[in-house]
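**Student:** Dropping a structure here in structure tokens format, bear with me for questions.
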Amino acid sequence: MIYLDAAATSPVRREVLEAMWPHLTGEFGNPSSHHAVGESAARALAEARASVAAWLGCRASEVTFTSGGTEADNLAIKGIALGDPRGRHIVTTPIEHEAVLESVDYLVRLHGFTVTFVPVGRDGLVAPADFGAALRPDTTLASVMLANNEVGTVQPIAELAALAHAVGVPFHTDAVQAAGWLPLDVGALGVDALTVSGHKIGAPKGVGALYVRGRIPVEPLVHGGGQERGRRSGTENVAGAVALGVAARLALADRAARASAAAAARDAFIAGVLAEVPDAELTGHPSSRLPGTASFVFPATNGEAVLLELERRGIVSSSGSACAAGSEDASHVLLALGYPEDVARTAVRFSWGPEVVAADLAAVAPAVGEAVRAVRGLAD
């Protein structure tokens with residue numbers, strides 16, 4: 001089997017599993033307990049926080065551990081918007097992850113906020129001029145994802161954040177898909193809040209982190225014991241935090257080499273698929289895109305049918321965001337890019353991690369052609 005759905009989840013790296021195992025067995029303490037067992041857990045938690053902070057280029061006190069990217073996005077959007085709002089207006093885009101879009105919708109429905117969705121082009125890019133025009137005196141938060149989880153387009157986050165800061169607006173970016181591929185130094189990006197998730201970079205599911213700059217007020221979603229400096233109550237997932245810390249160190253250590261190799265393999269794969277299926281269209285930006293993602297629409301097919309044909313050939317991929325699995329609706333991302341609904345339903349996303357090599361992708365391209373032809377043959 002060739003696994004090409006890393007944007008949904010990645011396998012746990014051996015180094016990560018070995019590091020977290022002691023904290024699932026003998027080192028089981030509660031880090032809030034004031035005895036030797038608890039203090040050992042507290043040290044492990046602090047070391048993990050320091051590793052994530054080093055990855056993001058921030059202070060350890062600015063890292064809050066969460067249950068994953070979805071919770072981190074919710075905490076960023078709702079927490080900052082409600083923490084010290086200068087107004088009740090939010091700026092975002094229509095291609096954000098559902099965790100951002102649903103959080104914004106919550107603020108609109110229950111807290112009287114309004115929202116401006118900055119449009120994107122056919123390539124999925126946000127134009128800085130459009131973003132700047134959307135900012136208002138009462139804008140309390142702007143949120144634009146670093147890299148899209150369906151089409152892989154990478155946004156000019158530093159430029160957008162600078163525009164927001166010029167008028168005093170805090171800026172959040174969802175970096176879940178960018179993690180492991182792109183530099184996440186929050187100083188270089190210029191962001192005030194940034195979201196990551198462990199299971200995209202070789203940690204297990206169930207752990208993520210949110211960076212929030214300095215003393216920006218954040219209203220917590222979960223109240224209780226005041227853990228995580230009062231931003232996220234509940235006994236900390238020490239094993240998960242340790243796993244994320246190790247995964248962060250690994251991601252930081254070999255990111256550039258992995259990204260370069262993956263980008264070269266990606267470009268060859270894209271060319272191969274377009275040669276096999278001449279009327280296919282690559283979605284997203286042709287060059288400003290993640291090294292490990294390529295998404296296509298295949299007219300006169302059905303994306304789910306193509307996926308089944310690919311799986312019969314030993315290739316696992318997806319039709320879009322795993323978080324929308326089971327939905328009969330066309331991708332909100334592709335609709336925002338201007339694709340008609342019938343074309344959007346033909347999308348197939350291929351995404352991979354460092355364990356997939358160029359030879360694997362070279363073998364997949366002909367199989368994609370076979371799968372598309374098989375689906376079209378059944379439709380004739």
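Just remember, in the structure tokens the first chain shown is A, the second B, etc., residues are 1-based per chain, and ligands are 1-based in the order shown.
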Write out as a PDB file with C-alpha atoms, in the first residue's frame the residues lying within 9 Å of segment 158-163 of chain A, counting only C-alpha atoms and excluding same-chain residues fewer than 4 positions away.
**Tutor:**
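See part-v4.pdb below for the written result:
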ATOM      1  CA  VAL A 126      -5.463  35.925  -0.619  1.00  0.00           C
ATOM      2  CA  ALA A 127      -4.596  39.259  -2.226  1.00  0.00           C
ATOM      3  CA  PRO A 128      -3.011  41.543   0.401  1.00  0.00           C
ATOM      4  CA  PHE A 131      -7.218  41.694   3.027  1.00  0.00           C
ATOM      5  CA  GLY A 132      -6.169  45.206   3.984  1.00  0.00           C
ATOM      6  CA  LEU A 135      -9.838  45.551   8.143  1.00  0.00           C
ATOM      7  CA  ALA A 142      -7.914  38.382  11.743  1.00  0.00           C
ATOM      8  CA  VAL A 144      -5.755  33.307   7.737  1.00  0.00           C
ATOM      9  CA  VAL A 167      -4.132  49.054  12.277  1.00  0.00           C
ATOM     10  CA  GLY A 168      -3.752  47.297  15.645  1.00  0.00           C
ATOM     11  CA  VAL A 169      -5.466  43.998  14.818  1.00  0.00           C
ATOM     12  CA  PRO A 170      -4.134  40.727  16.309  1.00  0.00           C
ATOM     13  CA  PHE A 171      -3.418  38.036  13.709  1.00  0.00           C
ATOM     14  CA  HIS A 172      -3.883  34.256  14.045  1.00  0.00           C
ATOM     15  CA  ALA A 188       9.460  35.865  11.113  1.00  0.00           C
ATOM     16  CA  LEU A 189       5.796  35.218  10.373  1.00  0.00           C
ATOM     17  CA  GLY A 190       4.775  38.170  12.529  1.00  0.00           C
ATOM     18  CA  VAL A 191       1.752  36.387  13.984  1.00  0.00           C
ATOM     19  CA  ASP A 192       0.163  36.809  17.403  1.00  0.00           C
TER      20      ASP A 192
END
**Student:** Determine which residues of segment 122-214 of chain A DSSP labels as strand (DSSP E or B) from the backbone of this structure, then write them out as JSON, numbers by chain.
**Tutor:** {"A": [126, 139, 140, 141, 142, 143, 147, 153, 154, 171, 172, 173, 174, 193, 194, 195, 196, 197, 208, 209, 210, 211, 212]}
**Student:** For Gly152 of chain A, please output as a ChimeraX atom specification all residues within 9 Å (counting only C-alpha atoms; exclusion window: fewer than 6 positions along the same chain).
**Tutor:** /A:124,177-178,283-285,288-295
**Student:** Using N, CA and C atoms, can you write the selected residues to a file as a PDB file, in the first residue's frame?
**Tutor:**
ATOM      1  N   GLY A 124      -6.292  30.067  -4.958  1.00  0.00           N
ATOM      2  CA  GLY A 124      -6.423  29.959  -3.519  1.00  0.00           C
ATOM      3  C   GLY A 124      -5.692  31.020  -2.737  1.00  0.00           C
ATOM      4  N   GLN A 177      -1.358  22.308   8.719  1.00  0.00           N
ATOM      5  CA  GLN A 177      -0.849  21.613   7.538  1.00  0.00           C
ATOM      6  C   GLN A 177       0.570  22.038   7.179  1.00  0.00           C
ATOM      7  N   ALA A 178       0.944  23.233   7.561  1.00  0.00           N
ATOM      8  CA  ALA A 178       2.295  23.719   7.247  1.00  0.00           C
ATOM      9  C   ALA A 178       3.353  23.082   8.126  1.00  0.00           C
ATOM     10  N   THR A 283      -5.399  21.823  -8.594  1.00  0.00           N
ATOM     11  CA  THR A 283      -6.050  22.873  -7.816  1.00  0.00           C
ATOM     12  C   THR A 283      -5.033  23.541  -6.904  1.00  0.00           C
ATOM     13  N   GLY A 284      -5.285  24.805  -6.601  1.00  0.00           N
ATOM     14  CA  GLY A 284      -4.355  25.559  -5.769  1.00  0.00           C
ATOM     15  C   GLY A 284      -3.291  26.237  -6.598  1.00  0.00           C
ATOM     16  N   HIS A 285      -2.391  26.915  -5.912  1.00  0.00           N
ATOM     17  CA  HIS A 285      -1.341  27.662  -6.593  1.00  0.00           C
ATOM     18  C   HIS A 285      -0.304  26.717  -7.189  1.00  0.00           C
ATOM     19  N   SER A 288       3.334  28.246  -5.150  1.00  0.00           N
ATOM     20  CA  SER A 288       3.252  28.602  -3.737  1.00  0.00           C
ATOM     21  C   SER A 288       2.346  27.591  -3.047  1.00  0.00           C
ATOM     22  N   ARG A 289       2.910  26.384  -2.856  1.00  0.00           N
ATOM     23  CA  ARG A 289       2.116  25.290  -2.326  1.00  0.00           C
ATOM     24  C   ARG A 289       2.979  24.400  -1.447  1.00  0.00           C
ATOM     25  N   LEU A 290       2.351  23.585  -0.639  1.00  0.00           N
ATOM     26  CA  LEU A 290       3.062  22.683   0.252  1.00  0.00           C
ATOM     27  C   LEU A 290       3.868  21.663  -0.546  1.00  0.00           C
ATOM     28  N   PRO A 291       5.041  21.270  -0.050  1.00  0.00           N
ATOM     29  CA  PRO A 291       5.856  20.278  -0.758  1.00  0.00           C
ATOM     30  C   PRO A 291       5.201  18.907  -0.846  1.00  0.00           C
ATOM     31  N   GLY A 292       4.307  18.589   0.084  1.00  0.00           N
ATOM     32  CA  GLY A 292       3.754  17.238   0.128  1.00  0.00           C
ATOM     33  C   GLY A 292       2.285  17.145  -0.214  1.00  0.00           C
ATOM     34  N   THR A 293       1.773  18.038  -1.043  1.00  0.00           N
ATOM     35  CA  THR A 293       0.348  18.020  -1.394  1.00  0.00           C
ATOM     36  C   THR A 293       0.155  18.315  -2.871  1.00  0.00           C
ATOM     37  N   ALA A 294      -0.712  17.530  -3.508  1.00  0.00           N
ATOM     38  CA  ALA A 294      -1.144  17.803  -4.884  1.00  0.00           C
ATOM     39  C   ALA A 294      -2.595  17.369  -4.998  1.00  0.00           C
ATOM     40  N   SER A 295      -3.452  18.284  -5.381  1.00  0.00           N
ATOM     41  CA  SER A 295      -4.880  17.997  -5.491  1.00  0.00           C
ATOM     42  C   SER A 295      -5.345  18.309  -6.907  1.00  0.00           C
TER      43      SER A 295
END
**Student:** Please list as an MDAnalysis selection string every residue within 12 Å of Asp174 of chain A, counting only C-alpha atoms and excluding residues in the same chain fewer than 4 positions away.
**Tutor:** chainID A and resid 68:77 92:93 95:101 142:149 154:155 157 178:179 184 186 191:197 208:211
**Student:** Between atom CA of Ala305 of chain A and atom CA of Gly369 of chain A, what distance in Å does the model show, to one decimal?
**Tutor:** 13.2 Å
**Student:** Determine which residues of segment 117-201 of chain A DSSP labels as alpha helix (DSSP H) from the backbone of this structure, then write them out as a list of chain:residue names.
**Tutor:** A:Pro128, A:Ala129, A:Asp130, A:Phe131, A:Gly132, A:Ala133, A:Ala134, A:Ile157, A:Ala158, A:Glu159, A:Leu160, A:Ala161, A:Ala162, A:Leu163, A:Ala164, A:His165, A:Ala166, A:Val186, A:Gly187, A:Ala188, A:Leu189
**Student:** Write the residues of the selection above to a file with all heavy atoms, as a short mmCIF file (atom, residue, chain, number, x, y, z; two decimals), in the first residue's frame.
**Tutor:**
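Just written: again_5.cif:
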data_model
loop_
_atom_site.label_atom_id
_atom_site.label_comp_id
_atom_site.auth_asym_id
_atom_site.auth_seq_id
_atom_site.Cartn_x
_atom_site.Cartn_y
_atom_site.Cartn_z
N PRO A 128 -3.21 40.63 -0.73
CA PRO A 128 -3.01 41.54 0.40
C PRO A 128 -3.88 42.79 0.33
O PRO A 128 -4.36 43.27 1.36
CB PRO A 128 -1.52 41.86 0.32
CG PRO A 128 -0.91 40.63 -0.29
CD PRO A 128 -1.92 40.18 -1.31
N ALA A 129 -4.08 43.32 -0.86
CA ALA A 129 -4.91 44.53 -0.98
C ALA A 129 -6.34 44.26 -0.53
O ALA A 129 -6.96 45.09 0.15
CB ALA A 129 -4.89 45.04 -2.42
N ASP A 130 -6.87 43.09 -0.89
CA ASP A 130 -8.23 42.74 -0.46
C ASP A 130 -8.29 42.54 1.05
O ASP A 130 -9.26 42.94 1.70
CB ASP A 130 -8.69 41.46 -1.17
CG ASP A 130 -8.91 41.65 -2.66
OD1 ASP A 130 -9.10 42.81 -3.09
OD2 ASP A 130 -8.89 40.65 -3.39
N PHE A 131 -7.26 41.91 1.58
CA PHE A 131 -7.22 41.69 3.03
C PHE A 131 -7.16 43.02 3.77
O PHE A 131 -7.91 43.25 4.73
CB PHE A 131 -6.01 40.83 3.39
CG PHE A 131 -5.81 40.63 4.86
CD1 PHE A 131 -6.55 39.70 5.55
CD2 PHE A 131 -4.89 41.41 5.56
CE1 PHE A 131 -6.38 39.51 6.92
CE2 PHE A 131 -4.70 41.23 6.92
CZ PHE A 131 -5.45 40.28 7.61
N GLY A 132 -6.29 43.91 3.33
CA GLY A 132 -6.17 45.21 3.98
C GLY A 132 -7.46 46.00 3.94
O GLY A 132 -7.81 46.68 4.91
N ALA A 133 -8.18 45.90 2.82
CA ALA A 133 -9.43 46.65 2.67
C ALA A 133 -10.52 46.12 3.60
O ALA A 133 -11.47 46.85 3.92
CB ALA A 133 -9.91 46.57 1.22
N ALA A 134 -10.39 44.86 4.03
CA ALA A 134 -11.41 44.26 4.89
C ALA A 134 -11.27 44.67 6.35
O ALA A 134 -12.21 44.55 7.14
CB ALA A 134 -11.35 42.73 4.79
N ILE A 157 1.67 35.06 4.71
CA ILE A 157 1.23 35.38 6.07
C ILE A 157 1.96 36.59 6.66
O ILE A 157 1.35 37.45 7.31
CB ILE A 157 1.40 34.15 6.98
CG1 ILE A 157 0.39 33.06 6.57
CG2 ILE A 157 1.23 34.53 8.45
CD1 ILE A 157 -1.06 33.49 6.67
N ALA A 158 3.27 36.68 6.46
CA ALA A 158 4.01 37.80 7.04
C ALA A 158 3.47 39.13 6.53
O ALA A 158 3.34 40.10 7.29
CB ALA A 158 5.50 37.67 6.73
N GLU A 159 3.15 39.20 5.25
CA GLU A 159 2.62 40.43 4.67
C GLU A 159 1.22 40.73 5.21
O GLU A 159 0.90 41.89 5.53
CB GLU A 159 2.59 40.31 3.14
CG GLU A 159 2.18 41.58 2.43
CD GLU A 159 2.27 41.47 0.91
OE1 GLU A 159 2.67 40.39 0.41
OE2 GLU A 159 1.94 42.46 0.23
N LEU A 160 0.40 39.72 5.33
CA LEU A 160 -0.96 39.92 5.85
C LEU A 160 -0.92 40.33 7.32
O LEU A 160 -1.66 41.23 7.74
CB LEU A 160 -1.78 38.64 5.68
CG LEU A 160 -1.94 38.11 4.26
CD1 LEU A 160 -2.79 36.84 4.26
CD2 LEU A 160 -2.56 39.16 3.34
N ALA A 161 -0.06 39.68 8.10
CA ALA A 161 0.05 40.03 9.52
C ALA A 161 0.51 41.47 9.70
O ALA A 161 0.04 42.18 10.60
CB ALA A 161 0.99 39.07 10.23
N ALA A 162 1.43 41.91 8.85
CA ALA A 162 1.92 43.29 8.94
C ALA A 162 0.80 44.29 8.66
O ALA A 162 0.70 45.34 9.31
CB ALA A 162 3.07 43.50 7.97
N LEU A 163 -0.06 43.97 7.71
CA LEU A 163 -1.20 44.84 7.42
C LEU A 163 -2.14 44.90 8.61
O LEU A 163 -2.67 45.99 8.95
CB LEU A 163 -1.95 44.32 6.18
CG LEU A 163 -1.23 44.47 4.84
CD1 LEU A 163 -1.98 43.71 3.75
CD2 LEU A 163 -1.12 45.95 4.46
N ALA A 164 -2.38 43.76 9.25
CA ALA A 164 -3.25 43.75 10.43
C ALA A 164 -2.66 44.56 11.56
O ALA A 164 -3.34 45.37 12.21
CB ALA A 164 -3.50 42.30 10.86
N HIS A 165 -1.36 44.39 11.79
CA HIS A 165 -0.71 45.10 12.89
C HIS A 165 -0.66 46.62 12.66
O HIS A 165 -0.67 47.40 13.61
CB HIS A 165 0.71 44.57 13.09
CG HIS A 165 0.73 43.17 13.63
ND1 HIS A 165 1.81 42.34 13.52
CD2 HIS A 165 -0.23 42.45 14.28
CE1 HIS A 165 1.54 41.18 14.07
NE2 HIS A 165 0.30 41.22 14.54
N ALA A 166 -0.63 47.02 11.40
CA ALA A 166 -0.58 48.44 11.09
C ALA A 166 -1.82 49.17 11.59
O ALA A 166 -1.77 50.39 11.83
CB ALA A 166 -0.42 48.64 9.58
N VAL A 186 7.53 32.24 14.73
CA VAL A 186 6.43 33.20 14.85
C VAL A 186 6.92 34.64 14.71
O VAL A 186 6.15 35.52 14.31
CB VAL A 186 5.68 33.00 16.18
CG1 VAL A 186 4.99 31.65 16.21
CG2 VAL A 186 6.61 33.15 17.38
N GLY A 187 8.19 34.87 15.01
CA GLY A 187 8.73 36.21 14.82
C GLY A 187 8.84 36.56 13.36
O GLY A 187 8.47 37.66 12.93
N ALA A 188 9.35 35.63 12.55
CA ALA A 188 9.46 35.86 11.11
C ALA A 188 8.09 35.97 10.46
O ALA A 188 7.88 36.77 9.54
CB ALA A 188 10.28 34.75 10.47
N LEU A 189 7.15 35.17 10.93
CA LEU A 189 5.80 35.22 10.37
C LEU A 189 5.05 36.47 10.84
O LEU A 189 4.13 36.94 10.17
CB LEU A 189 5.00 33.98 10.77
CG LEU A 189 5.45 32.65 10.14
CD1 LEU A 189 4.71 31.48 10.79
CD2 LEU A 189 5.20 32.65 8.63
#
**Student:** List as an MDAnalysis selection string the protein and nucleic acid residues near Asp185 of chain A, meaning an atom at most 10 Å away when only C-alpha atoms are counted, but skip any in the same chain fewer than 6 places from it.
**Tutor:** chainID A and resid 53:58 191 194
**Student:** Which residues are close to Ala19 of chain A, i.e. within 9 Å by only C-alpha atoms, leaving aside same-chain residues fewer than 5 positions away? Reply as a list in words.
**Tutor:**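 Once the adjacent positions are removed, what remains is Arg14, Ala239, Val242, Ala243 and Val246 of chain A.
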**Student:** Include N, CA, C and O atoms and write out the residues we just selected as a JSON list (two decimals), in the first residue's frame.
**Tutor:**
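result_32.json was written with the following content:
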[["chain", "number", "residue", "atom", "x", "y", "z"],
["A", 14, "ARG", "N", 8.88, 6.42, 15.35],
["A", 14, "ARG", "CA", 9.39, 5.52, 16.38],
["A", 14, "ARG", "C", 10.02, 6.30, 17.54],
["A", 14, "ARG", "O", 9.81, 5.98, 18.71],
["A", 239, "ALA", "N", 2.08, 12.49, 28.40],
["A", 239, "ALA", "CA", 2.63, 11.64, 27.34],
["A", 239, "ALA", "C", 2.44, 12.29, 25.98],
["A", 239, "ALA", "O", 3.35, 12.26, 25.12],
["A", 242, "VAL", "N", 4.89, 15.24, 25.65],
["A", 242, "VAL", "CA", 6.24, 14.73, 25.39],
["A", 242, "VAL", "C", 6.36, 14.30, 23.93],
["A", 242, "VAL", "O", 7.35, 14.59, 23.25],
["A", 243, "ALA", "N", 5.33, 13.63, 23.42],
["A", 243, "ALA", "CA", 5.33, 13.19, 22.03],
["A", 243, "ALA", "C", 5.43, 14.39, 21.08],
["A", 243, "ALA", "O", 6.21, 14.38, 20.11],
["A", 246, "VAL", "N", 8.98, 15.91, 21.13],
["A", 246, "VAL", "CA", 9.95, 15.15, 20.34],
["A", 246, "VAL", "C", 9.67, 15.33, 18.85],
["A", 246, "VAL", "O", 10.60, 15.54, 18.05]]
**Student:** Looking at only C-alpha atoms, which of A:Leu308, A:Leu335, A:Leu244, A:Val222 is the one that sits closest to Gly206 of chain A?
**Tutor:**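 Smallest separation from Gly206 of chain A among the options: A:Leu244.
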**Student:** Give me, as an MDAnalysis selection string, all polymer residues having an atom no more than 6 Å from Val316 of chain A, counting only C-alpha atoms and skipping those fewer than 2 positions away in the same chain.
**Tutor:** chainID A and resid 3:4 311
**Student:** Write the residues you've just listed into a file as a PDB file, in the first residue's frame, and include N, CA, C and O atoms for each of them.
**Tutor:**
ATOM      1  N   TYR A   3       0.578   5.078   0.990  1.00  0.00           N
ATOM      2  CA  TYR A   3      -0.299   5.938   1.780  1.00  0.00           C
ATOM      3  C   TYR A   3      -0.093   7.390   1.375  1.00  0.00           C
ATOM      4  O   TYR A   3       0.971   7.969   1.598  1.00  0.00           O
ATOM      5  N   LEU A   4      -1.120   7.988   0.774  1.00  0.00           N
ATOM      6  CA  LEU A   4      -1.052   9.373   0.304  1.00  0.00           C
ATOM      7  C   LEU A   4      -2.184  10.203   0.905  1.00  0.00           C
ATOM      8  O   LEU A   4      -2.875  10.945   0.215  1.00  0.00           O
ATOM      9  N   GLU A 311      -7.764   2.700  -4.484  1.00  0.00           N
ATOM     10  CA  GLU A 311      -7.541   1.769  -3.374  1.00  0.00           C
ATOM     11  C   GLU A 311      -7.445   0.333  -3.876  1.00  0.00           C
ATOM     12  O   GLU A 311      -6.688  -0.465  -3.324  1.00  0.00           O
TER      13      GLU A 311
END
**Student:** Would you mind telling me which residue in A:Gly226, A:Pro22, A:Gly245, A:Gly121 lies nearest to Val52 of chain A when using only C-alpha atoms?
**Tutor:**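 Among the listed residues, the smallest separation from Val52 of chain A belongs to A:Gly245.
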**Student:** What is the atom CA of Ala371 of chain A-atom CA of Glu309 of chain A distance in Å, reported with one decimal?
**Tutor:**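 About the pair atom CA of Ala371 of chain A and atom CA of Glu309 of chain A: they are 5.1 Å apart.
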**Student:** For a quick check of understanding, using only C-alpha atoms, which of A:Trp352, A:Trp181, A:Trp21, A:Phe298 has the smallest distance to Ile2 of chain A?
**Tutor:**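 Looking at the shortest contact to Ile2 of chain A, the residue is A:Trp352.
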**Student:** By how many Å are atom CA of Thr140 of chain A and atom CA of Ile90 of chain A apart?
**Tutor:**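 Pair atom CA of Thr140 of chain A / atom CA of Ile90 of chain A returns 6.0 Å.
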